[in-house]
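A.B. asks: Pasting a structure below so you can have a look.
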Amino acid sequence: MIELIYLACAVAFIIGLKRMSGPRTARSGNLIAGIGMLAAVVVALIDEQILNWDTIVAGLVVGAAIGAWAALRVRMTAMPQLVAAFNGSGGIASSLVAAVAVVEAGSDAIPVETAVTIMLSIVIGTVTFTGSFVAYGKLQGIITGRPLLFRGQQFVNGVLTVAAIGVAIWTLTSGDPIGYWIIAAISLVIGVLAVIPIGGADMPVVISLLNSFSGLAAAAAGFVITNNALIIGGALVGAAGLILTIQMTEAMNRSLTNVLFAGFGTGEGGAAGTLSDRPVNRAGAEDAAIALGYAQSVMIVPGYGLAVAQAQHAARDLAEALEEKGIKVHYAIHPVAGRMPGHMNVLLAEADVPYEQLLDLEQADPMLPQTDAVLILGANDVVNSSARDDPDSAIYGMPILNVDRAGTVIVVKRSLSPGFAGIDNPLFYNDNTLMYFADAKDALEQTLVALREV
């Protein structure tokens, strides 16, 4: 019966993951996978006779309370930080499971196959733990989002990696349990040093990769304690995270090696890039309302500025007002818009934007030459035409939304400061571009008022 329940849990994981591949079914998929994991945890505790029912229920109540609090209190702009914290927590949990196996073995010899899985769980889990919380610090502003580099950094990382491998071999041959703790200490340091040189522009890829690592650590821990549900669940998370990481690097036209070692992007949208002194076409609410109100088709491009301003509901209200005038409205979602995979989709789903209006890069870009007006809300790098036209640009070759090919482009932005990549955007100075300098939510609300008078 226990094994049948584990099998049912594994099926729930797979169904849930499949349903999470689309915005319309993602919520139910998350629920199905969550129920499967809950059942797997409870059954594992009962099967191993670890806890009694009182303790299990108490744990469920405490965990549910913490989860509900996080769901209600954490702002959408902080969702990437929350995901990073989840990744780190999962990584350290897997490492602790492996560590307990070492403690329980004591001075007894651990079989080689078990020792290897213990090492993998400890290494991957601890690297994920410190790496994820460094990413959390960068996203939260506790640590600067700029790449932190020092002379000989890659050499130090290489020495630490070689040292970890050497200690692992020594531990396998000698059976001395102290080797596991040495490996854990080295891995904690590697996790920090691996993430600090990565700029904020690449944080979405880092979060996805660390999510994959947390799954791999869980799968390794599953082999340590021979738990099939943990093995299957961890493998699914690891594979899904890795596939997503590859897709995101392809969306940026960069390799994973370049992301991890290039020290790319300021991460703060600061003045790292050189700004042009060319004039721009400034616009206000009335100008935006006229351009949108007399269009036949409008494409809205959301970015991190939308998340910061919490403007997703205002965007939906403006879109509905345009639709009432018979104007077709769509949303163009770039794969790396925002600060984590799917950030914009989550924001717009929260505002009940119809799923059929959400278009990915491949769907939206061919429509732009026939689009009368594009409304860009805080996006920068994903619409930066230098990625297409300037071979010397740091983001040259990155697939973008070619919004400059639309009739009129309205950019809602607080200032001309560059985005996370830290480079200027030639789009801002085009003749068909209107720069609306304002908070995204305020700009949308004022434009909506002006639209009703058009």
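Simple scheme: letters A, B, ... for chains in structure tokens order, numbers from 1 for residues in each chain, numbers from 1 for ligands in the order shown.
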Find the nearest atom pair between each residue of stretch 40-147 of chain A and stretch 204-228 of chain A for residues within 9 Å, count only C-alpha atoms, give distances in Å to one decimal, sort rows by chain and ascending number, and present the table as CSV.

C.D. replies:
residue,atom,partner,partner_atom,distance
A:Ala44,CA,A:Asn227,CA,7.9
A:Pro80,CA,A:Ile207,CA,7.8
A:Val83,CA,A:Ile207,CA,7.5
A:Ala84,CA,A:Ile207,CA,6.1
A:Phe86,CA,A:Asn211,CA,8.5
A:Asn87,CA,A:Asn211,CA,5.4
A:Gly88,CA,A:Ser214,CA,7.3
A:Ser89,CA,A:Ser214,CA,8.5
A:Gly90,CA,A:Ser214,CA,5.7
A:Gly91,CA,A:Ser214,CA,4.8
A:Ile92,CA,A:Ser214,CA,8.6
A:Ala93,CA,A:Ala218,CA,8.2
A:Ser94,CA,A:Ala218,CA,5.3
A:Ser95,CA,A:Ala217,CA,7.4
A:Leu96,CA,A:Ala221,CA,9.0
A:Val97,CA,A:Ala221,CA,6.4
A:Ala98,CA,A:Ala221,CA,6.0
A:Ala101,CA,A:Val224,CA,7.4
A:Thr114,CA,A:Val224,CA,6.0
A:Ala115,CA,A:Val224,CA,8.3
A:Thr117,CA,A:Ala220,CA,5.4
A:Ile118,CA,A:Val224,CA,6.1
A:Met119,CA,A:Ala220,CA,8.7
A:Leu120,CA,A:Ala220,CA,6.3
A:Ser121,CA,A:Ala217,CA,4.7
A:Ile122,CA,A:Ala217,CA,7.5
A:Val123,CA,A:Ala217,CA,8.1
A:Ile124,CA,A:Ala217,CA,5.4
A:Gly125,CA,A:Ala217,CA,5.2
A:Thr126,CA,A:Ala217,CA,8.9
A:Val127,CA,A:Phe213,CA,8.5
A:Thr128,CA,A:Leu210,CA,5.8
A:Phe129,CA,A:Ser214,CA,8.4
A:Gly131,CA,A:Leu210,CA,7.6
A:Ser132,CA,A:Leu210,CA,6.6
A:Ala135,CA,A:Ile207,CA,7.5

A.B. asks: Contacts of A:Asp352 at 10 Å or less, counting only C-alpha atoms, minus same-chain residues fewer than 5 places along, as a PyMOL selection string?

C.D. replies: chain A and resi 312-313+316+346-347

A.B. asks: Of the candidates A:Val411, A:Leu361, A:Leu368, A:Ala288, which one gets nearest to A:Val454 if we count only C-alpha atoms?

C.D. replies: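 Smallest separation from A:Val454 among the options: A:Ala288.
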
A.B. asks: Give me the residues near stretch 163-178 of chain A as a ChimeraX atom specification, where near means some atom within 12 Å (using only C-alpha atoms) and where sequence neighbours in that chain fewer than 4 positions away do not count.

C.D. replies: /A:99-120,122-124,127,156-159,182-190

A.B. asks: Write the selection just made, keeping N, CA and C atoms, as a compact mmCIF listing (two decimals), in the first residue's frame?

C.D. replies:
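Written file, out-v1.txt:
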# COMPACT_ATOMS: atom_id res chain seq x y z
N ALA A 99 23.14 14.38 5.86
CA ALA A 99 23.99 14.49 7.06
C ALA A 99 23.50 13.55 8.16
N VAL A 100 22.20 13.43 8.31
CA VAL A 100 21.64 12.52 9.31
C VAL A 100 22.05 11.08 9.02
N ALA A 101 22.08 10.72 7.75
CA ALA A 101 22.51 9.36 7.37
C ALA A 101 23.95 9.12 7.80
N VAL A 102 24.80 10.14 7.69
CA VAL A 102 26.20 10.01 8.12
C VAL A 102 26.27 9.85 9.63
N VAL A 103 25.50 10.66 10.35
CA VAL A 103 25.50 10.59 11.82
C VAL A 103 25.00 9.23 12.30
N GLU A 104 23.93 8.74 11.69
CA GLU A 104 23.38 7.45 12.10
C GLU A 104 24.34 6.30 11.82
N ALA A 105 25.12 6.42 10.75
CA ALA A 105 26.08 5.37 10.43
C ALA A 105 27.20 5.31 11.46
N GLY A 106 27.55 6.47 12.04
CA GLY A 106 28.60 6.52 13.05
C GLY A 106 29.92 6.05 12.49
N SER A 107 30.54 5.12 13.18
CA SER A 107 31.84 4.60 12.74
C SER A 107 31.71 3.43 11.77
N ASP A 108 30.47 3.00 11.50
CA ASP A 108 30.26 1.90 10.57
C ASP A 108 30.60 2.35 9.14
N ALA A 109 31.10 1.44 8.37
CA ALA A 109 31.44 1.75 6.98
C ALA A 109 30.17 1.96 6.17
N ILE A 110 30.15 3.01 5.38
CA ILE A 110 29.01 3.31 4.53
C ILE A 110 29.28 2.72 3.14
N PRO A 111 28.36 1.94 2.58
CA PRO A 111 28.57 1.39 1.24
C PRO A 111 28.91 2.49 0.24
N VAL A 112 29.75 2.15 -0.72
CA VAL A 112 30.23 3.16 -1.67
C VAL A 112 29.08 3.84 -2.40
N GLU A 113 28.09 3.03 -2.88
CA GLU A 113 26.99 3.63 -3.63
C GLU A 113 26.19 4.61 -2.78
N THR A 114 26.03 4.30 -1.48
CA THR A 114 25.34 5.22 -0.59
C THR A 114 26.19 6.44 -0.29
N ALA A 115 27.50 6.22 -0.12
CA ALA A 115 28.41 7.33 0.16
C ALA A 115 28.41 8.35 -0.98
N VAL A 116 28.36 7.85 -2.22
CA VAL A 116 28.35 8.75 -3.38
C VAL A 116 27.10 9.61 -3.38
N THR A 117 25.93 9.01 -3.12
CA THR A 117 24.69 9.79 -3.11
C THR A 117 24.66 10.77 -1.95
N ILE A 118 25.24 10.38 -0.82
CA ILE A 118 25.33 11.31 0.32
C ILE A 118 26.15 12.53 -0.07
N MET A 119 27.30 12.28 -0.70
CA MET A 119 28.16 13.39 -1.12
C MET A 119 27.46 14.30 -2.11
N LEU A 120 26.78 13.69 -3.08
CA LEU A 120 26.07 14.50 -4.08
C LEU A 120 25.00 15.36 -3.42
N ILE A 122 24.90 16.40 -0.29
CA ILE A 122 25.52 17.44 0.53
C ILE A 122 26.10 18.55 -0.34
N VAL A 123 26.83 18.18 -1.39
CA VAL A 123 27.47 19.18 -2.25
C VAL A 123 26.43 20.05 -2.96
N ILE A 124 25.50 19.40 -3.67
CA ILE A 124 24.51 20.16 -4.43
C ILE A 124 23.62 20.96 -3.50
N VAL A 127 25.63 24.02 -1.91
CA VAL A 127 25.86 25.03 -2.94
C VAL A 127 24.56 25.78 -3.25
N VAL A 156 40.44 30.61 -7.68
CA VAL A 156 40.02 30.20 -6.33
C VAL A 156 38.88 29.19 -6.42
N ASN A 157 37.90 29.48 -7.28
CA ASN A 157 36.79 28.53 -7.45
C ASN A 157 37.29 27.18 -7.94
N GLY A 158 38.25 27.21 -8.86
CA GLY A 158 38.80 25.97 -9.37
C GLY A 158 39.53 25.17 -8.30
N VAL A 159 40.31 25.88 -7.47
CA VAL A 159 41.03 25.20 -6.39
C VAL A 159 40.05 24.56 -5.41
N ILE A 182 33.92 18.28 5.80
CA ILE A 182 34.85 19.14 5.06
C ILE A 182 34.25 19.51 3.70
N ILE A 183 33.68 18.51 3.04
CA ILE A 183 33.04 18.76 1.74
C ILE A 183 31.89 19.76 1.89
N ALA A 184 31.11 19.63 2.96
CA ALA A 184 30.00 20.56 3.18
C ALA A 184 30.51 21.98 3.35
N ALA A 185 31.60 22.16 4.12
CA ALA A 185 32.15 23.50 4.34
C ALA A 185 32.66 24.11 3.04
N ILE A 186 33.37 23.30 2.25
CA ILE A 186 33.89 23.80 0.97
C ILE A 186 32.73 24.19 0.04
N SER A 187 31.69 23.37 0.02
CA SER A 187 30.56 23.62 -0.87
C SER A 187 29.80 24.89 -0.48
N LEU A 188 29.71 25.16 0.81
CA LEU A 188 29.07 26.40 1.26
C LEU A 188 29.79 27.62 0.68
N VAL A 189 31.12 27.57 0.69
CA VAL A 189 31.91 28.67 0.15
C VAL A 189 31.76 28.77 -1.36
N ILE A 190 31.77 27.62 -2.03
CA ILE A 190 31.62 27.60 -3.49
C ILE A 190 30.28 28.24 -3.89

A.B. asks: Quick one: of A:Ile198, A:Pro302, A:Pro354, A:Asp365, who's nearest to A:Leu256, counting only C-alpha atoms?

C.D. replies: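 Answer, going by the shortest atom-to-atom distance: A:Ile198.
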
A.B. asks: Find the residues near stretch 331-337 of chain A: any atom within 8 Å, counting only C-alpha atoms, skip ones fewer than 5 places away on the same chain, and give them as a list in words.

C.D. replies: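 That gives Pro204, Met248, Ala251, Met252, Met299, Ile300, Val301, Pro302, Gly303, Tyr304, Gly342, His343, Met344, Asn345, Gln357, Leu358, Leu359, Asp360, Leu361, Ala364, Asp365, Ala379, Val382, Ile400 and Leu401 of chain A.
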
A.B. asks: At a cut-off of 9 Å, using only C-alpha atoms, what residues contact stretch 2-11 of chain A? Leave out same-chain residues fewer than 4 positions from it and give the result as a ChimeraX atom specification.

C.D. replies: /A:15-16,33,35-40,43-44,47,227-230,232-233

A.B. asks: For the residues in the current selection, export N, CA and C atoms as a compact mmCIF listing (two decimals), in the first residue's frame.

C.D. replies:
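Okay, this is what ended up in result32.txt:
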# COMPACT_ATOMS: atom_id res chain seq x y z
N ILE A 15 1.42 14.99 -13.46
CA ILE A 15 0.22 15.70 -13.94
C ILE A 15 0.31 17.18 -13.57
N GLY A 16 0.71 17.45 -12.33
CA GLY A 16 0.82 18.84 -11.89
C GLY A 16 1.83 19.61 -12.72
N ALA A 33 0.05 18.93 -7.65
CA ALA A 33 1.40 18.57 -7.24
C ALA A 33 1.59 18.76 -5.74
N ILE A 35 -0.73 18.53 -3.37
CA ILE A 35 -1.41 17.45 -2.66
C ILE A 35 -0.57 16.17 -2.73
N GLY A 36 0.02 15.91 -3.89
CA GLY A 36 0.88 14.74 -4.03
C GLY A 36 2.06 14.79 -3.08
N MET A 37 2.69 15.95 -2.94
CA MET A 37 3.83 16.09 -2.04
C MET A 37 3.40 15.97 -0.58
N LEU A 38 2.25 16.54 -0.25
CA LEU A 38 1.74 16.42 1.12
C LEU A 38 1.52 14.96 1.48
N ALA A 39 0.89 14.21 0.57
CA ALA A 39 0.65 12.79 0.82
C ALA A 39 1.96 12.03 0.96
N ALA A 40 2.95 12.38 0.12
CA ALA A 40 4.24 11.69 0.17
C ALA A 40 4.94 11.93 1.50
N VAL A 43 3.00 10.00 4.35
CA VAL A 43 3.19 8.55 4.24
C VAL A 43 4.61 8.17 4.64
N ALA A 44 5.60 8.99 4.24
CA ALA A 44 6.99 8.70 4.59
C ALA A 44 7.18 8.71 6.11
N ASP A 47 5.41 5.60 7.49
CA ASP A 47 6.09 4.37 7.10
C ASP A 47 7.35 4.15 7.94
N ASN A 227 13.78 6.57 -0.80
CA ASN A 227 12.40 7.05 -0.87
C ASN A 227 12.08 7.38 -2.33
N ASN A 228 11.20 6.56 -2.94
CA ASN A 228 10.92 6.71 -4.36
C ASN A 228 10.24 8.03 -4.69
N ALA A 229 9.35 8.50 -3.82
CA ALA A 229 8.65 9.75 -4.10
C ALA A 229 9.63 10.92 -4.14
N LEU A 230 10.60 10.92 -3.25
CA LEU A 230 11.59 11.98 -3.23
C LEU A 230 12.49 11.91 -4.46
N ILE A 232 11.67 10.68 -7.47
CA ILE A 232 10.91 11.08 -8.66
C ILE A 232 10.63 12.58 -8.63
N GLY A 233 10.17 13.09 -7.48
CA GLY A 233 9.88 14.52 -7.37
C GLY A 233 11.12 15.36 -7.62

A.B. asks: Got a sec to tell me which of stretch 122-291 of chain A DSSP assigns to helix (DSSP H, G or I), as a ChimeraX atom specification?

C.D. replies: /A:122-140,153-174,178-195,200-224,228-251,256-261,285-291

A.B. asks: Measure the distance from atom CA of A:Tyr436 to atom CA of A:Asp404 in Å and round it to one decimal.

C.D. replies: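 Rounded to one decimal, the two atoms are 15.9 Å apart.
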
A.B. asks: Quick one, how far is atom CA of A:Ile46 from atom CA of A:Ala64?

C.D. replies: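 The value is 19.5 Å.
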
A.B. asks: Env of A:Lys413: 9 Å cut, atoms = only C-alpha atoms, seq-sep filter 3 positions within chain, self excluded. Answer as a ChimeraX atom specification.

C.D. replies: /A:305,376-379,416-417,435-440

A.B. asks: Please produce a file of those selected residues containing N, CA and C atoms, as a JSON list (two decimals), in the first residue's frame.

C.D. replies:
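That gives us part.json:
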[["chain", "number", "residue", "atom", "x", "y", "z"],
["A", 305, "GLY", "N", 9.26, 47.33, -14.37],
["A", 305, "GLY", "CA", 8.62, 48.56, -13.90],
["A", 305, "GLY", "C", 7.15, 48.37, -13.58],
["A", 376, "ILE", "N", 4.85, 50.21, -23.68],
["A", 376, "ILE", "CA", 5.90, 49.52, -22.94],
["A", 376, "ILE", "C", 5.87, 50.00, -21.50],
["A", 377, "LEU", "N", 5.71, 49.07, -20.58],
["A", 377, "LEU", "CA", 5.56, 49.41, -19.16],
["A", 377, "LEU", "C", 6.77, 48.91, -18.38],
["A", 378, "GLY", "N", 7.82, 49.72, -18.36],
["A", 378, "GLY", "CA", 8.98, 49.40, -17.54],
["A", 378, "GLY", "C", 9.94, 48.41, -18.13],
["A", 379, "ALA", "N", 9.68, 47.89, -19.32],
["A", 379, "ALA", "CA", 10.62, 46.97, -19.96],
["A", 379, "ALA", "C", 11.73, 47.79, -20.62],
["A", 416, "LEU", "N", 15.47, 57.95, -18.05],
["A", 416, "LEU", "CA", 16.20, 57.34, -19.16],
["A", 416, "LEU", "C", 17.27, 56.36, -18.69],
["A", 417, "SER", "N", 17.32, 56.06, -17.41],
["A", 417, "SER", "CA", 18.36, 55.17, -16.90],
["A", 417, "SER", "C", 18.27, 53.81, -17.59],
["A", 435, "MET", "N", 8.14, 59.18, -24.99],
["A", 435, "MET", "CA", 8.63, 58.85, -23.65],
["A", 435, "MET", "C", 7.72, 59.48, -22.61],
["A", 436, "TYR", "N", 7.06, 58.64, -21.84],
["A", 436, "TYR", "CA", 6.14, 59.09, -20.79],
["A", 436, "TYR", "C", 6.84, 58.81, -19.46],
["A", 437, "PHE", "N", 7.47, 59.84, -18.87],
["A", 437, "PHE", "CA", 8.23, 59.66, -17.65],
["A", 437, "PHE", "C", 7.31, 59.74, -16.44],
["A", 438, "ALA", "N", 7.02, 58.57, -15.85],
["A", 438, "ALA", "CA", 6.12, 58.52, -14.70],
["A", 438, "ALA", "C", 6.13, 57.13, -14.10],
["A", 439, "ASP", "N", 5.61, 57.01, -12.91],
["A", 439, "ASP", "CA", 5.35, 55.70, -12.32],
["A", 439, "ASP", "C", 4.32, 54.99, -13.19],
["A", 440, "ALA", "N", 4.52, 53.71, -13.44],
["A", 440, "ALA", "CA", 3.66, 52.98, -14.38],
["A", 440, "ALA", "C", 2.19, 53.02, -13.97]]

A.B. asks: Write out as a list in words the set of residues from stretch 280-419 of chain A that DSSP, computed on the backbone, places in strand (DSSP E).

C.D. replies: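 Filtering stretch 280-419 of chain A to strand (DSSP E) leaves Ser297, Val298, Met299, Ile300, Val301, Pro302, Lys328, Val329, His330, Tyr331, Ala332, Ile333, Leu358, Leu359, Asp360, Ala373, Val374, Leu375, Ile376, Leu377, Thr408, Val409, Ile410, Val411, Val412 and Lys413 of chain A.
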